Amino acid sequence: MKVAVIDINGKKTGRNVELSEAVFGIEPNDHAIYLDVKQHLANRRQGTHKAKERADITGSTRKIKKQKGTGTARAGSIKSPIFRGGGRAFGPRPRDYSFKLNKGLKRLARQSALSIKAKEENILVIEKFDFEAPKTKDFTNILKALELENKKSLFVLDGSNKNVYLSSRNLKRANVVNGSELSTYTVLNANKVVISETCLEEIESNFSK
């Protein structure tokens, strides 16, 4: 698949690049995508939820009424979950939600996500650019030139674009990552994926193994 290389003004440079079929042209595997996105979201969970169970409640441990003769169910503790103010039965406890996926499956999921974007023609290849200093206005001008100011966009650049990353931090709809940080979730969460021409080779070498 050939894609035209554009500049930061959104104009074609007259050059084309060939997207690797092994990365951008496979049949998407929906289940691999599901597992990778599920892992990504699970890893973001803090897991610090905690409810007070009966052992955590402050209260007397005496038997609150006699065993027999009251006409009601027997009860031994005011901290029982059946009483108001008692502990919660089987409440949430702090836990780690992360789980492991093998590298081959994660690679397949990312290939599938990139292939979906390529099939939808939502991948742009831009020539290398950088800013002399971090400036949000400069990055906003690029978004306007690419007609992305009102869309979710993912910029995949090489690791030397620190000023570009800092310029985009205040923009909610724009996300800048380098090739090694590319994930299935970030690809699918964007309306357009803008890949730096210099980063394209890195992506294809990482995900085509």
# chains A, B, ... in the order shown; residues from 1 in each chain; ligands from 1
>>> residues_around(residues="A:Leu35", least_positions_apart="6", cutoff="9 Å", atoms="only C-alpha atoms", output="PyMOL selection string")
chain A and resi 101+105-106+109
>>> residues_around(residues="A:Lys119", least_positions_apart="6", cutoff="12 Å", atoms="only C-alpha atoms", output="number ranges by chain")
A: 1-3, 19, 21, 23-28, 112-113
>>> closest_atom_pairs(of="stretch 76-179 of chain A", to="stretch 184-194 of chain A", cutoff="10 Å", atoms="only C-alpha atoms", output="CSV")
residue,atom,partner,partner_atom,distance
A:Lys106,CA,A:Thr184,CA,8.2
A:Arg107,CA,A:Thr184,CA,9.0
A:Leu108,CA,A:Thr184,CA,9.6
A:Ala109,CA,A:Thr184,CA,6.3
A:Arg110,CA,A:Thr184,CA,4.9
A:Gln111,CA,A:Thr184,CA,8.4
A:Ser112,CA,A:Thr184,CA,8.3
A:Ala113,CA,A:Thr184,CA,5.9
A:Leu114,CA,A:Val187,CA,6.9
A:Ile116,CA,A:Leu188,CA,8.5
A:Lys117,CA,A:Val193,CA,7.6
A:Ala118,CA,A:Val193,CA,9.2
A:Glu120,CA,A:Lys192,CA,9.7
A:Glu121,CA,A:Lys192,CA,8.7
A:Asn122,CA,A:Lys192,CA,4.9
A:Ile123,CA,A:Val193,CA,4.9
A:Leu124,CA,A:Val194,CA,4.7
A:Val125,CA,A:Val194,CA,5.8
A:Ile126,CA,A:Val194,CA,6.7
A:Leu146,CA,A:Val194,CA,9.6
A:Leu148,CA,A:Lys192,CA,7.9
A:Asn150,CA,A:Asn191,CA,10.0
A:Lys151,CA,A:Asn191,CA,6.2
A:Lys152,CA,A:Ala190,CA,4.9
A:Ser153,CA,A:Lys192,CA,5.0
A:Leu154,CA,A:Val193,CA,4.8
A:Phe155,CA,A:Val194,CA,4.7
A:Val156,CA,A:Val194,CA,6.1
A:Leu157,CA,A:Val194,CA,8.4
A:Arg173,CA,A:Ala190,CA,8.5
A:Ala174,CA,A:Ala190,CA,8.6
A:Asn175,CA,A:Thr186,CA,8.4
A:Val176,CA,A:Val194,CA,9.4
A:Val177,CA,A:Thr186,CA,9.3
>>> write_last_selection(atoms="C-alpha atoms", output="short mmCIF file (atom, residue, chain, number, x, y, z; two decimals), in the first residue's frame")
data_model
loop_
_atom_site.label_atom_id
_atom_site.label_comp_id
_atom_site.auth_asym_id
_atom_site.auth_seq_id
_atom_site.Cartn_x
_atom_site.Cartn_y
_atom_site.Cartn_z
CA LYS A 106 0.51 -8.38 21.45
CA ARG A 107 2.38 -7.97 18.18
CA LEU A 108 -0.58 -9.47 16.29
CA ALA A 109 -2.95 -7.09 18.06
CA ARG A 110 -0.89 -4.04 17.07
CA GLN A 111 -0.58 -5.25 13.50
CA SER A 112 -4.36 -5.71 13.45
CA ALA A 113 -4.99 -2.21 14.81
CA LEU A 114 -2.65 -0.60 12.28
CA ILE A 116 -7.67 -1.42 10.43
CA LYS A 117 -6.51 2.19 10.31
CA ALA A 118 -4.74 1.63 6.99
CA GLU A 120 -9.94 2.98 6.65
CA GLU A 121 -7.33 5.34 5.13
CA ASN A 122 -6.80 6.95 8.51
CA ILE A 123 -3.00 6.78 8.45
CA LEU A 124 -0.96 9.81 7.41
CA VAL A 125 2.78 9.81 6.83
CA ILE A 126 4.46 13.11 7.60
CA LEU A 146 -3.95 18.58 8.75
CA LEU A 148 -7.27 17.43 12.92
CA ASN A 150 -11.50 18.65 16.18
CA LYS A 151 -10.46 15.00 15.95
CA LYS A 152 -8.53 12.60 18.13
CA SER A 153 -5.06 12.29 16.67
CA LEU A 154 -2.07 10.10 17.44
CA PHE A 155 1.37 11.30 16.35
CA VAL A 156 4.00 8.57 16.22
CA LEU A 157 7.41 10.22 16.04
CA ARG A 173 -7.41 15.39 21.56
CA ALA A 174 -3.76 15.04 20.54
CA ASN A 175 -1.37 12.36 21.71
CA VAL A 176 2.33 12.14 20.83
CA VAL A 177 4.30 8.92 21.35
#
>>> atom_distance(atom1="atom CA of A:Lys63", atom2="atom CA of A:Pro92")
27.2 Å
>>> atom_distance(atom1="atom CA of A:Ser80", atom2="atom CA of A:Pro94")
21.6 Å
>>> select_by_dssp(residues="stretch 78-197 of chain A", states="helix (DSSP H, G or I)", output="MDAnalysis selection string")
chainID A and resid 103:119 136:145 162:168 179:181 184:188 197
>>> decode(residues="stretch 47-63 of chain A", atoms="C-alpha atoms", output="mmCIF file, in the first residue's frame")
data_model
loop_
_atom_site.group_PDB
_atom_site.id
_atom_site.type_symbol
_atom_site.label_atom_id
_atom_site.label_comp_id
_atom_site.auth_asym_id
_atom_site.auth_seq_id
_atom_site.Cartn_x
_atom_site.Cartn_y
_atom_site.Cartn_z
ATOM 1 C CA GLY A 47 -6.813 -1.503 42.495
ATOM 2 C CA THR A 48 -6.865 0.444 45.784
ATOM 3 C CA HIS A 49 -10.560 -0.152 46.479
ATOM 4 C CA LYS A 50 -11.301 -1.354 50.008
ATOM 5 C CA ALA A 51 -14.512 -1.891 51.973
ATOM 6 C CA LYS A 52 -14.616 -2.481 55.724
ATOM 7 C CA GLU A 53 -15.403 -6.059 56.545
ATOM 8 C CA ARG A 54 -16.518 -7.209 59.999
ATOM 9 C CA ALA A 55 -12.908 -7.532 61.178
ATOM 10 C CA ASP A 56 -12.337 -3.852 60.352
ATOM 11 C CA ILE A 57 -15.390 -2.525 62.209
ATOM 12 C CA THR A 58 -15.001 -0.996 65.672
ATOM 13 C CA GLY A 59 -17.616 -2.458 67.977
ATOM 14 C CA SER A 60 -18.290 -4.712 70.920
ATOM 15 C CA THR A 61 -17.724 -8.434 70.571
ATOM 16 C CA ARG A 62 -20.318 -9.386 73.187
ATOM 17 C CA LYS A 63 -23.286 -11.493 72.207
#
